[in-house]
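Reproduced below: upload-v6.csv, with CSV, C-alpha atoms and all ligand atoms.
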```csv
chain,number,residue,atom,x,y,z
B,1,MET,CA,0.0,0.0,0.0
B,2,SER,CA,1.4,3.5,-0.8
B,3,ARG,CA,1.9,6.0,1.9
B,4,GLU,CA,-1.0,8.1,0.6
B,5,GLU,CA,-3.4,5.1,0.7
B,6,LEU,CA,-2.2,4.2,4.2
B,7,LEU,CA,-2.7,7.7,5.4
B,8,LYS,CA,-6.2,7.7,4.0
B,9,GLU,CA,-7.0,4.5,5.8
B,10,VAL,CA,-5.6,5.9,9.1
B,11,ILE,CA,-7.5,9.2,8.8
B,12,ASN,CA,-10.7,7.4,8.1
B,13,HIS,CA,-10.4,5.5,11.4
B,14,PHE,CA,-10.1,8.6,13.6
B,15,ASP,CA,-13.0,10.6,14.9
B,16,PHE,CA,-12.2,13.8,12.9
B,17,THR,CA,-15.0,16.1,11.6
B,18,GLY,CA,-15.2,18.4,8.6
B,19,THR,CA,-13.7,18.4,5.2
B,20,LEU,CA,-10.1,17.4,4.9
B,21,LEU,CA,-8.2,20.1,3.0
B,22,LYS,CA,-4.6,19.2,3.4
B,23,VAL,CA,-2.1,16.5,4.8
B,24,GLU,CA,1.6,17.3,5.0
B,25,PRO,CA,4.7,16.1,6.9
B,26,TYR,CA,5.3,18.4,9.9
B,27,GLY,CA,8.0,19.4,12.4
B,28,SER,CA,11.6,18.2,12.8
B,29,GLY,CA,11.4,15.5,15.5
B,30,HIS,CA,14.0,12.7,15.3
B,31,ILE,CA,11.6,9.9,16.3
B,32,ASN,CA,7.9,9.9,15.2
B,33,ASP,CA,6.5,10.6,11.7
B,34,THR,CA,4.4,13.7,12.3
B,35,TYR,CA,1.7,15.1,9.9
B,36,LEU,CA,-0.3,18.2,10.0
B,37,LEU,CA,-4.0,17.8,8.8
B,38,GLU,CA,-6.3,20.7,8.1
B,39,TYR,CA,-10.0,20.3,8.2
B,40,LYS,CA,-12.6,22.9,7.2
B,41,ILE,CA,-15.5,22.8,9.7
B,42,LYS,CA,-18.7,24.8,9.2
B,43,HIS,CA,-18.9,27.8,11.6
B,44,ARG,CA,-15.4,27.0,13.0
B,45,GLY,CA,-13.2,27.7,10.0
B,46,ILE,CA,-9.9,25.8,9.5
B,47,VAL,CA,-9.1,23.3,12.3
B,48,PRO,CA,-5.6,21.8,12.3
B,49,ILE,CA,-4.8,18.4,13.7
B,50,ILE,CA,-1.5,16.6,14.5
B,51,LEU,CA,-1.4,13.0,13.3
B,52,GLN,CA,1.6,10.8,14.3
B,53,ARG,CA,2.8,7.4,13.3
B,54,MET,CA,4.4,6.2,16.5
B,55,ASN,CA,7.9,4.8,16.3
B,56,THR,CA,7.4,1.3,17.5
B,57,ASN,CA,11.0,0.4,16.7
B,58,ILE,CA,11.8,2.6,19.7
B,59,PHE,CA,8.6,2.5,21.7
B,60,LYS,CA,7.9,-1.2,21.9
B,61,GLN,CA,4.6,-0.9,23.9
B,62,PRO,CA,2.6,1.8,22.2
B,63,ILE,CA,-0.7,0.9,24.0
B,64,GLU,CA,0.9,1.3,27.4
B,65,LEU,CA,2.6,4.5,26.2
B,66,MET,CA,-0.7,6.0,25.2
B,67,GLU,CA,-2.1,5.0,28.6
B,68,ASN,CA,0.7,7.1,30.2
B,69,ILE,CA,-0.1,10.0,27.9
B,70,LEU,CA,-3.8,10.0,28.7
B,71,ASN,CA,-3.2,9.7,32.4
B,72,VAL,CA,-0.6,12.4,32.5
B,73,THR,CA,-2.5,14.8,30.3
B,74,ASP,CA,-5.7,14.2,32.4
B,75,PHE,CA,-3.7,15.0,35.6
B,76,LEU,CA,-2.2,18.1,34.0
B,77,ARG,CA,-5.6,19.3,32.7
B,78,GLU,CA,-7.0,19.3,36.3
B,79,LYS,CA,-4.0,21.2,37.6
B,80,ILE,CA,-4.2,23.7,34.8
B,81,ILE,CA,-7.9,24.3,35.5
B,82,GLU,CA,-7.2,24.7,39.2
B,83,ASN,CA,-4.6,27.3,38.4
B,84,GLY,CA,-7.0,29.2,36.2
B,85,GLY,CA,-5.2,28.2,32.9
B,86,ASN,CA,-6.5,27.1,29.6
B,87,PRO,CA,-6.2,23.2,29.3
B,88,GLU,CA,-6.8,23.3,25.5
B,89,ARG,CA,-3.6,25.2,25.0
B,90,GLU,CA,-1.5,24.2,28.0
B,91,THR,CA,-1.4,20.5,27.5
B,92,LEU,CA,-1.9,18.0,24.7
B,93,THR,CA,-5.4,16.7,24.0
B,94,VAL,CA,-5.6,13.2,22.5
B,95,ILE,CA,-8.2,12.6,19.8
B,96,LEU,CA,-9.7,9.1,20.0
B,97,ASN,CA,-10.3,6.8,17.1
B,98,LYS,CA,-13.9,5.8,16.0
B,99,LEU,CA,-13.8,2.9,18.5
B,100,GLY,CA,-12.9,5.2,21.4
B,101,LYS,CA,-9.3,4.1,21.6
B,102,PRO,CA,-6.4,6.6,21.8
B,103,TYR,CA,-4.5,5.0,18.9
B,104,TYR,CA,-5.2,3.3,15.6
B,105,LEU,CA,-3.4,0.1,14.5
B,106,ASP,CA,-3.2,0.2,10.7
B,107,SER,CA,-3.4,-2.8,8.3
B,108,GLU,CA,0.4,-2.8,8.1
B,109,GLY,CA,1.0,-3.0,11.8
B,110,TYR,CA,1.8,0.6,12.6
B,111,TYR,CA,0.3,2.5,15.5
B,112,TRP,CA,-1.0,6.1,15.0
B,113,ARG,CA,-2.3,8.8,17.3
B,114,ALA,CA,-3.8,12.2,16.9
B,115,TYR,CA,-3.8,15.4,19.0
B,116,HIS,CA,-5.5,18.8,18.7
B,117,PHE,CA,-3.0,21.1,17.1
B,118,ILE,CA,-2.1,23.9,19.4
B,119,THR,CA,-2.4,27.0,17.3
B,120,GLY,CA,-0.6,30.4,17.6
B,121,ALA,CA,2.5,28.8,19.2
B,122,THR,CA,5.8,27.5,17.9
B,123,GLY,CA,8.3,24.9,18.8
B,124,TYR,CA,11.7,26.4,17.9
B,125,ASP,CA,14.7,24.5,16.5
B,126,GLU,CA,17.1,27.1,17.7
B,127,VAL,CA,17.2,29.7,20.5
B,128,LYS,CA,16.3,33.0,18.8
B,129,THR,CA,16.0,35.2,21.9
B,130,ASP,CA,17.0,34.9,25.5
B,131,GLU,CA,13.4,35.5,26.5
B,132,ASP,CA,12.2,32.4,24.6
B,133,PHE,CA,14.9,30.3,26.2
B,134,TYR,CA,14.0,31.6,29.6
B,135,GLN,CA,10.3,30.9,28.9
B,136,SER,CA,11.1,27.3,27.8
B,137,ALA,CA,13.0,26.9,31.1
B,138,LEU,CA,10.0,28.1,33.1
B,139,ALA,CA,7.7,25.8,31.2
B,140,PHE,CA,9.8,22.7,31.7
B,141,GLY,CA,10.3,23.6,35.4
B,142,LYS,CA,6.6,24.1,35.8
B,143,PHE,CA,5.9,20.8,34.1
B,144,GLN,CA,8.0,19.1,36.7
B,145,SER,CA,6.4,20.9,39.6
B,146,LEU,CA,2.9,20.2,38.3
B,147,LEU,CA,3.7,16.5,38.2
B,148,ALA,CA,5.4,16.5,41.6
B,149,ASP,CA,2.6,14.6,43.2
B,150,TYR,CA,1.7,12.4,40.2
B,151,PRO,CA,1.7,8.7,41.3
B,152,ALA,CA,5.0,7.7,39.6
B,153,ASP,CA,4.6,4.0,40.2
B,154,THR,CA,1.6,3.9,37.8
B,155,LEU,CA,3.7,5.1,34.9
B,156,HIS,CA,4.9,2.5,32.4
B,157,GLU,CA,8.6,2.6,31.6
B,158,THR,CA,8.3,3.4,27.8
B,159,ILE,CA,12.0,2.9,27.1
B,160,ALA,CA,14.0,0.8,29.6
B,161,ASP,CA,17.1,2.6,31.0
B,162,PHE,CA,16.5,5.6,28.8
B,163,HIS,CA,18.8,7.9,30.8
B,164,ASN,CA,20.9,5.2,32.4
B,165,THR,CA,24.2,6.5,31.1
B,166,LYS,CA,26.0,3.6,32.7
B,167,VAL,CA,24.0,1.1,30.6
B,168,ARG,CA,24.3,3.3,27.5
B,169,PHE,CA,28.1,3.2,28.0
B,170,GLU,CA,28.0,-0.6,27.9
B,171,VAL,CA,25.8,-0.6,24.8
B,172,PHE,CA,28.3,1.8,23.2
B,173,LYS,CA,31.2,-0.5,23.9
B,174,ASN,CA,29.3,-3.4,22.5
B,175,ALA,CA,28.6,-1.4,19.3
B,176,VAL,CA,32.3,-0.7,18.9
B,177,LYS,CA,33.1,-4.4,19.4
B,178,GLU,CA,30.5,-5.6,16.9
B,179,ASN,CA,31.4,-2.9,14.4
B,180,VAL,CA,28.4,-4.1,12.2
B,181,VAL,CA,28.8,-1.5,9.4
B,182,GLY,CA,32.6,-1.2,9.6
B,183,ARG,CA,32.7,2.4,10.7
B,184,VAL,CA,34.9,2.0,13.7
B,185,LYS,CA,38.0,2.8,11.8
B,186,ASP,CA,36.7,6.3,10.9
B,187,VAL,CA,35.8,7.4,14.4
B,188,GLN,CA,38.7,6.4,16.6
B,189,ALA,CA,39.0,9.9,18.1
B,190,GLU,CA,35.3,10.0,19.1
B,191,ILE,CA,35.5,6.5,20.5
B,192,ASP,CA,38.5,7.5,22.6
B,193,PHE,CA,36.6,10.6,23.8
B,194,VAL,CA,33.9,8.3,25.2
B,195,LEU,CA,36.2,5.7,26.7
B,196,GLN,CA,38.2,8.4,28.6
B,197,ARG,CA,35.0,9.4,30.4
B,198,GLU,CA,33.6,6.3,32.0
B,199,ASP,CA,33.4,8.3,35.2
B,200,VAL,CA,30.9,10.7,33.5
B,201,ALA,CA,28.8,7.7,32.4
B,202,ASN,CA,28.7,6.4,36.0
B,203,ILE,CA,28.2,9.5,38.1
B,204,LEU,CA,24.5,9.8,38.1
B,205,THR,CA,23.7,6.2,38.7
B,206,ASP,CA,26.0,6.4,41.8
B,207,MET,CA,24.4,9.7,43.0
B,208,GLN,CA,20.9,8.2,42.6
B,209,ALA,CA,21.9,5.0,44.3
B,210,SER,CA,23.3,6.9,47.3
B,211,GLY,CA,20.0,8.8,47.7
B,212,GLU,CA,21.7,12.1,46.9
B,213,LEU,CA,19.3,12.7,44.0
B,214,PRO,CA,15.6,11.8,44.3
B,215,LEU,CA,13.7,10.0,41.6
B,216,ARG,CA,10.8,12.2,40.2
B,217,VAL,CA,8.3,12.2,37.4
B,218,THR,CA,10.3,13.9,34.6
B,219,HIS,CA,9.9,14.6,30.9
B,220,ASN,CA,13.3,13.1,29.8
B,221,ASP,CA,13.3,14.8,26.4
B,222,THR,CA,13.4,18.5,27.1
B,223,LYS,CA,14.7,19.8,23.7
B,224,LEU,CA,13.6,23.3,22.9
B,225,ASN,CA,11.3,22.2,20.1
B,226,ASN,CA,9.4,20.1,22.7
B,227,VAL,CA,7.9,23.2,24.2
B,228,LEU,CA,5.5,25.4,22.3
B,229,ILE,CA,6.0,29.1,22.8
B,230,ASP,CA,3.0,31.4,22.3
B,231,ASP,CA,3.5,33.6,19.2
B,232,LYS,CA,1.9,36.7,20.8
B,233,THR,CA,2.8,36.5,24.5
B,234,HIS,CA,6.0,34.6,24.1
B,235,GLN,CA,5.2,32.5,27.1
B,236,GLY,CA,6.2,28.8,27.1
B,237,ILE,CA,2.6,27.5,27.0
B,238,CYS,CA,2.7,23.8,26.4
B,239,VAL,CA,5.2,21.0,27.0
B,240,ILE,CA,4.7,18.4,24.2
B,241,ASP,CA,6.4,15.1,23.1
B,242,LEU,CA,5.3,13.2,26.3
B,243,ASP,CA,6.5,9.7,25.1
B,244,THR,CA,9.3,9.6,27.6
B,245,VAL,CA,7.5,10.9,30.7
B,246,MET,CA,8.8,8.5,33.3
B,247,PRO,CA,10.4,8.5,36.7
B,248,GLY,CA,13.9,10.2,36.3
B,249,LEU,CA,16.2,12.9,37.5
B,250,ALA,CA,15.3,16.6,37.5
B,251,ILE,CA,18.9,17.4,36.6
B,252,ASN,CA,18.6,15.4,33.4
B,253,ASP,CA,15.6,17.4,32.3
B,254,PHE,CA,17.7,20.5,33.0
B,255,GLY,CA,20.7,19.0,31.3
B,256,ASP,CA,19.0,18.0,28.1
B,257,SER,CA,17.7,21.5,27.6
B,258,ILE,CA,21.2,23.0,28.1
B,259,ARG,CA,22.9,20.6,25.6
B,260,PHE,CA,20.5,21.7,22.9
B,261,GLY,CA,19.6,25.3,23.7
B,262,ALA,CA,22.7,26.7,25.3
B,263,SER,CA,24.8,25.6,22.4
B,264,THR,CA,25.9,28.4,20.1
B,265,GLY,CA,25.2,26.2,17.0
B,266,ALA,CA,22.8,23.6,15.7
B,267,GLU,CA,22.9,20.0,16.9
B,268,ASP,CA,24.2,18.9,13.5
B,269,GLU,CA,26.5,21.9,12.8
B,270,LYS,CA,29.5,20.7,10.8
B,271,ASP,CA,31.7,23.7,11.6
B,272,LEU,CA,32.8,22.9,15.1
B,273,SER,CA,34.4,26.3,15.6
B,274,LYS,CA,30.8,27.6,15.9
B,275,ILE,CA,30.0,25.3,18.8
B,276,GLU,CA,30.4,26.3,22.4
B,277,CYS,CA,28.2,26.2,25.5
B,278,SER,CA,27.2,29.8,26.1
B,279,MET,CA,27.5,30.7,29.8
B,280,HIS,CA,25.0,33.5,29.2
B,281,LEU,CA,22.3,31.1,27.9
B,282,PHE,CA,23.3,28.6,30.7
B,283,GLU,CA,22.5,31.3,33.2
B,284,VAL,CA,19.2,32.3,31.5
B,285,TYR,CA,18.0,28.7,31.6
B,286,THR,CA,19.2,28.0,35.1
B,287,LYS,CA,17.3,31.0,36.5
B,288,GLY,CA,14.1,30.0,34.6
B,289,PHE,CA,14.2,26.3,35.4
B,290,ILE,CA,14.7,26.9,39.2
B,291,GLU,CA,11.9,29.4,39.2
B,292,GLY,CA,9.6,27.1,37.2
B,293,CYS,CA,10.3,24.2,39.6
B,294,ASN,CA,8.8,26.5,42.3
B,295,GLY,CA,10.8,25.4,45.3
B,296,LYS,CA,10.5,21.6,44.5
B,297,LEU,CA,14.2,21.1,43.8
B,298,THR,CA,16.4,20.2,46.8
B,299,SER,CA,19.7,22.1,47.3
B,300,ALA,CA,21.6,19.0,46.3
B,301,GLU,CA,19.7,18.9,43.0
B,302,ILE,CA,20.4,22.5,42.3
B,303,ASN,CA,24.1,22.0,43.1
B,304,ALA,CA,24.1,19.1,40.7
B,305,LEU,CA,22.6,21.0,37.7
B,306,PRO,CA,26.0,21.3,35.9
B,307,ILE,CA,26.5,17.6,36.2
B,308,GLY,CA,23.1,17.0,34.6
B,309,ALA,CA,24.2,19.3,31.7
B,310,LYS,CA,27.5,17.5,31.2
B,311,VAL,CA,26.1,14.0,31.5
B,312,MET,CA,23.1,14.6,29.2
B,313,THR,CA,25.4,16.1,26.6
B,314,PHE,CA,27.9,13.3,26.9
B,315,GLU,CA,25.1,10.7,26.8
B,316,CYS,CA,23.5,12.2,23.8
B,317,GLY,CA,26.8,12.4,21.9
B,318,MET,CA,27.4,8.7,22.8
B,319,ARG,CA,23.9,7.8,21.6
B,320,PHE,CA,24.5,9.5,18.2
B,321,LEU,CA,27.9,7.7,17.9
B,322,THR,CA,26.4,4.4,18.9
B,323,ASP,CA,23.7,4.8,16.3
B,324,TYR,CA,26.3,5.8,13.7
B,325,LEU,CA,28.2,2.6,14.5
B,326,GLN,CA,25.1,0.5,14.4
B,327,GLY,CA,24.1,1.8,10.9
B,328,ASP,CA,21.7,4.6,11.8
B,329,THR,CA,18.7,2.6,12.9
B,330,TYR,CA,17.5,4.8,15.8
B,331,PHE,CA,17.5,8.5,15.0
B,332,LYS,CA,16.1,9.9,11.7
B,333,THR,CA,19.1,10.9,9.5
B,334,LYS,CA,19.2,13.0,6.3
B,335,TYR,CA,22.7,11.9,5.1
B,336,SER,CA,25.2,9.1,5.9
B,337,THR,CA,27.4,11.1,8.5
B,338,HIS,CA,24.4,12.9,10.1
B,339,ASN,CA,24.7,11.1,13.4
B,340,LEU,CA,28.5,11.6,13.4
B,341,ASP,CA,28.1,15.3,12.9
B,342,ARG,CA,25.6,15.4,15.8
B,343,CYS,CA,27.9,13.4,18.0
B,344,ARG,CA,30.8,15.8,17.3
B,345,THR,CA,28.8,18.9,18.4
B,346,GLN,CA,27.9,17.1,21.6
B,347,PHE,CA,31.5,16.2,22.4
B,348,LYS,CA,32.7,19.7,21.6
B,349,LEU,CA,30.1,20.9,24.1
B,350,VAL,CA,31.3,18.4,26.7
B,351,ALA,CA,34.9,19.5,26.3
B,352,ASP,CA,33.8,23.2,26.5
B,353,MET,CA,31.8,22.5,29.7
B,354,GLU,CA,34.9,20.9,31.2
B,355,LYS,CA,36.8,24.1,30.6
B,356,LYS,CA,34.0,26.2,32.0
B,357,TRP,CA,33.2,23.9,34.9
B,358,ASN,CA,33.9,26.5,37.6
B,359,ILE,CA,31.8,29.2,35.9
B,360,MET,CA,28.9,26.8,35.5
B,361,ASN,CA,29.0,26.0,39.2
B,362,ASP,CA,29.3,29.6,40.2
B,363,ILE,CA,26.3,30.5,38.1
B,364,VAL,CA,24.2,27.7,39.7
B,365,ALA,CA,25.4,28.7,43.3
B,366,LYS,CA,23.9,32.2,42.7
B,367,TYR,CA,20.5,30.7,42.4
B,368,ASN,CA,20.7,28.1,45.2
B,369,HIS,CA,19.0,29.7,48.2
T,401,LIG,P1,9.2,13.6,17.9
T,401,LIG,O1,9.2,12.6,19.0
T,401,LIG,O2,9.5,13.0,16.6
T,401,LIG,O3,10.1,14.7,18.3
T,401,LIG,P2,7.0,15.4,18.6
T,401,LIG,O4,5.8,14.8,19.4
T,401,LIG,O5,7.9,16.2,19.3
T,401,LIG,O6,7.7,14.2,17.8
T,401,LIG,O7,6.3,16.2,17.4
T,401,LIG,C1,7.1,16.7,16.3
T,401,LIG,C2,6.8,18.2,16.2
T,401,LIG,O8,5.4,18.4,15.8
T,401,LIG,C3,7.1,19.1,17.4
T,401,LIG,O9,8.4,19.5,17.6
T,401,LIG,C4,6.1,20.2,17.2
T,401,LIG,O10,6.7,21.2,16.3
T,401,LIG,C5,4.9,19.6,16.4
T,401,LIG,N1,3.8,19.2,17.3
T,401,LIG,C6,3.6,18.0,18.0
T,401,LIG,N2,2.4,18.0,18.6
T,401,LIG,C7,1.9,19.2,18.4
T,401,LIG,C8,0.6,19.8,18.8
T,401,LIG,N3,-0.3,19.2,19.6
T,401,LIG,N4,0.4,21.1,18.4
T,401,LIG,C9,1.2,21.8,17.6
T,401,LIG,N5,2.4,21.2,17.2
T,401,LIG,C10,2.7,20.0,17.6
T,402,LIG,C1,15.1,12.6,20.2
T,402,LIG,O1,12.0,13.0,19.8
T,402,LIG,P1,12.9,14.2,19.7
T,402,LIG,O2,13.4,14.5,18.4
T,402,LIG,O3,12.4,15.3,20.5
T,402,LIG,C2,15.4,11.7,21.3
T,402,LIG,C3,16.0,12.4,22.5
T,402,LIG,C4,17.3,13.0,22.0
T,402,LIG,C5,17.0,13.9,20.8
T,402,LIG,C6,18.3,14.5,20.2
T,402,LIG,C7,12.7,9.2,22.4
T,402,LIG,O4,14.2,13.6,20.6
T,402,LIG,O5,16.3,11.5,23.6
T,402,LIG,O6,17.9,13.8,23.0
T,402,LIG,O7,16.3,13.2,19.8
T,402,LIG,N1,14.1,11.1,21.8
T,402,LIG,C8,14.0,9.7,22.0
T,402,LIG,O8,18.0,15.5,19.3
T,402,LIG,O9,15.0,9.0,21.9
T,403,MG,MG,10.0,16.1,19.7
```

Hey, can you dump this file as structure tokens for me?
Amino acid sequence: MSREELLKEVINHFDFTGTLLKVEPYGSGHINDTYLLEYKIKHRGIVPIILQRMNTNIFKQPIELMENILNVTDFLREKIIENGGNPERETLTVILNKLGKPYYLDSEGYYWRAYHFITGATGYDEVKTDEDFYQSALAFGKFQSLLADYPADTLHETIADFHNTKVRFEVFKNAVKENVVGRVKDVQAEIDFVLQREDVANILTDMQASGELPLRVTHNDTKLNNVLIDDKTHQGICVIDLDTVMPGLAINDFGDSIRFGASTGAEDEKDLSKIECSMHLFEVYTKGFIEGCNGKLTSAEINALPIGAKVMTFECGMRFLTDYLQGDTYFKTKYSTHNLDRCRTQFKLVADMEKKWNIMNDIVAKYNH
């Protein structure tokens, strides 16, 4: 069946109303296949919808994953209403299929889901203004504080050991050993960079095991384009991409945002001279995240924020390199060395953070009271 025919089948099984005007690929996520649909509805005008083919190569239990998303968004909706907010814009709204299920399993075995499209807001692929980055920090911090009393033990683990950097280090070493596509010879410098930093891979597992850092409900994928910023007010209104909401470490949510948003270049920038970790943006985000968390972070967590930044950047670089060595089966890529380019920016950032370690800690100390 062609992609068009399959899309037609899928669309017919969801409970959408109106006349379909347009279907087009949308966004720049690395994981799911996202489409924007536009419907014309009498008296309501054009109503957009997000339709996604879930990546079941990565998310092995899509039904449990959708159960997480329904439960988390229901919980958030109540909190948003209590706080006088607008739940239609401040959290995702799942659209059910015609049988009342939050997904559709197509005739080729793929799982699909649909959301109301949140209009008048943008998920940015790069930091354009300090204010936007600050707003994204507030939004991710607030997301965490809103979920602080969510019953974490009811969440399914959608990807096992997602931010277990120690396990990812082992997977990486295995990928080097197996060398399935013969790329090891081209990336010895990057491999050595990882192998020299086993301590970075282990540190958070150790801090968590010792009880120094508490397990919380976290987002785990806090890239800038996973928060929608209102086009008019410029407030960070809605945290999206909830596939990886699971128990985790708050400092990892902080760290993942830093590795993406405090970088002075794109994640896949080829010219590494353009890449550093901006201490100005690091401070902007630190301030916003701590404020957004609204007193929920412990002093030990705030102290450890730079570690979260370094570990998440290191982990992400190692994941890109692992995927490169395994033949690009995980992240979407546009050309053969795409994952390698991504890996190199992350390692450049890690090295830069190592140089700026004292500055990062001084910045965080300013906001730890
Ligand atoms: P991926 O896991 O592939 O990153 P996302 O769920 O983040 O998938 O969706 C990809 C992009 O689609 C987002 O970065 C955002 O731009 C857009 N998007 C997703 N859901 C919505 C929504 N409900 N309203 C508006 N835009 C959305
Ligand atoms: C993926 O889904 P997306 O594009 O927001 C990935 C993140 C990585 C990121 C790197 C489920 O995020 O963990 O940090 O790419 N998501 C998953 O850009 O693996
Ligand atoms: Mg995304």

- Task: Go through B:Gly18, B:Phe117, B:His280, B:Asp323 one by one, measure the shortest atom-to-atom distance of each to Ser336 in chain B using all atoms listed in the file, and give the residue with the smallest value.
- Result: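 Between B:Gly18, B:Phe117, B:His280, B:Asp323, the residue approaching Ser336 in chain B most closely is B:Asp323.
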
- Could you give me, as an NGL selection string, the residues that sit within 10 Å of (29.3, 21.4, 13.5) in the file's coordinates, counting all atoms listed in the file? :B and (265-275 or 340-346 or 348)

- Query: Asn303 in chain B: which residues within 10 Å, counting all atoms listed in the file, same-chain residues fewer than 4 positions away excluded, as a ChimeraX atom specification?
  - Reply: /B:251,297-299,307-308,361-362,364-365,367-368

Residue subset to file, keeping C-alpha atoms, as an mmCIF file, keeping the file's coordinate frame:
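Below is the file again34.cif, written as the result:
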```
data_model
loop_
_atom_site.group_PDB
_atom_site.id
_atom_site.type_symbol
_atom_site.label_atom_id
_atom_site.label_comp_id
_atom_site.auth_asym_id
_atom_site.auth_seq_id
_atom_site.Cartn_x
_atom_site.Cartn_y
_atom_site.Cartn_z
ATOM 1 C CA ILE B 251 18.900 17.400 36.600
ATOM 2 C CA LEU B 297 14.200 21.100 43.800
ATOM 3 C CA THR B 298 16.400 20.200 46.800
ATOM 4 C CA SER B 299 19.700 22.100 47.300
ATOM 5 C CA ILE B 307 26.500 17.600 36.200
ATOM 6 C CA GLY B 308 23.100 17.000 34.600
ATOM 7 C CA ASN B 361 29.000 26.000 39.200
ATOM 8 C CA ASP B 362 29.300 29.600 40.200
ATOM 9 C CA VAL B 364 24.200 27.700 39.700
ATOM 10 C CA ALA B 365 25.400 28.700 43.300
ATOM 11 C CA TYR B 367 20.500 30.700 42.400
ATOM 12 C CA ASN B 368 20.700 28.100 45.200
#
```

May I have the centre and edge lengths, in Å to one decimal, of an axis-aligned box around the listed atoms of ligand LIG 401 (chain T) with 4 Å added to every side, as AutoDock Vina command-line options?
```
--center_x 4.9 --center_y 17.2 --center_z 17.7 --size_x 18.4 --size_y 17.2 --size_z 11.8
```

Can I get the residues of chain B within 8 Å of ligand MG 403 (chain T), each with the closest pair of atoms and their distance in Å to one decimal, using only C-alpha atoms and all ligand atoms, sorted chain first then ascending number, as JSON lines?
```
{"residue": "B:Ser28", "atom": "CA", "partner": "T:MG403", "partner_atom": "MG", "distance": 7.4}
{"residue": "B:Gly29", "atom": "CA", "partner": "T:MG403", "partner_atom": "MG", "distance": 4.5}
{"residue": "B:His30", "atom": "CA", "partner": "T:MG403", "partner_atom": "MG", "distance": 6.8}
{"residue": "B:Ile31", "atom": "CA", "partner": "T:MG403", "partner_atom": "MG", "distance": 7.2}
{"residue": "B:Asn32", "atom": "CA", "partner": "T:MG403", "partner_atom": "MG", "distance": 7.9}
{"residue": "B:Asp221", "atom": "CA", "partner": "T:MG403", "partner_atom": "MG", "distance": 7.6}
{"residue": "B:Lys223", "atom": "CA", "partner": "T:MG403", "partner_atom": "MG", "distance": 7.2}
{"residue": "B:Asn225", "atom": "CA", "partner": "T:MG403", "partner_atom": "MG", "distance": 6.2}
{"residue": "B:Asn226", "atom": "CA", "partner": "T:MG403", "partner_atom": "MG", "distance": 5.0}
{"residue": "B:Ile240", "atom": "CA", "partner": "T:MG403", "partner_atom": "MG", "distance": 7.3}
{"residue": "B:Asp241", "atom": "CA", "partner": "T:MG403", "partner_atom": "MG", "distance": 5.1}
```

- Message: Please determine, counting all atoms listed in the file, which residue among B:Ala351, B:Met54, B:Leu195, B:Leu213 has the shortest atom-to-atom distance to ligand LIG 402 (chain T).
- Response: B:Met54

- Item | Pairwise distance for CA of Glu38 in chain B and CA of Thr19 in chain B, rounded to one decimal in Å | 8.3 Å

- Leaving out Phe14 in chain B and any residue of its chain fewer than 3 positions from it, which residues lie within 10 Å of it when counting only C-alpha atoms, given as an NGL selection string? :B and (9-11 or 17 or 51 or 95-104 or 112-114)

- Proximity to Asp231 in chain B - best of B:Thr91, B:Thr122, B:Asn12, B:Thr56, all atoms listed in the file: B:Thr122

- Item | Point-to-point distance in Å for CA of Tyr285 in chain B and CA of Tyr134 in chain B |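 We find that CA of Tyr134 in chain B and CA of Tyr285 in chain B lie 5.3 Å from each other.
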
- Pick from B:Thr158, B:Asn220, B:Ser107, B:Asn55: nearest to Thr34 in chain B, with all atoms listed in the file counted? B:Asn55

- From CA of Ala262 in chain B to atom C8 of ligand LIG 401 (chain T) the spacing works out at 24.0 Å

- B:Leu105, B:Leu325, B:Ile69, B:Ala160: which is nearest ligand LIG 401 (chain T), counting only C-alpha atoms and all ligand atoms? B:Ile69

Generate N, CA and C atoms for range 47-54 of chain B and emit them as a compact mmCIF listing (two decimals), keeping the file's coordinate frame.
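Resulting contents of result_6.txt:
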```
# COMPACT_ATOMS: atom_id res chain seq x y z
N VAL B 47 -9.55 23.89 11.01
CA VAL B 47 -9.10 23.30 12.30
C VAL B 47 -7.97 22.31 12.00
N PRO B 48 -6.78 22.64 12.52
CA PRO B 48 -5.60 21.80 12.30
C PRO B 48 -5.53 20.63 13.32
N ILE B 49 -4.92 19.55 12.89
CA ILE B 49 -4.80 18.40 13.70
C ILE B 49 -3.36 17.80 13.55
N ILE B 50 -2.79 17.27 14.61
CA ILE B 50 -1.50 16.60 14.50
C ILE B 50 -1.77 15.08 14.47
N LEU B 51 -1.24 14.41 13.44
CA LEU B 51 -1.40 13.00 13.30
C LEU B 51 0.05 12.39 13.34
N GLN B 52 0.27 11.39 14.19
CA GLN B 52 1.60 10.80 14.30
C GLN B 52 1.64 9.32 14.13
N ARG B 53 2.57 8.85 13.31
CA ARG B 53 2.80 7.40 13.30
C ARG B 53 3.90 7.20 14.39
N MET B 54 3.53 6.45 15.40
CA MET B 54 4.40 6.20 16.50
C MET B 54 5.59 5.32 16.08
```
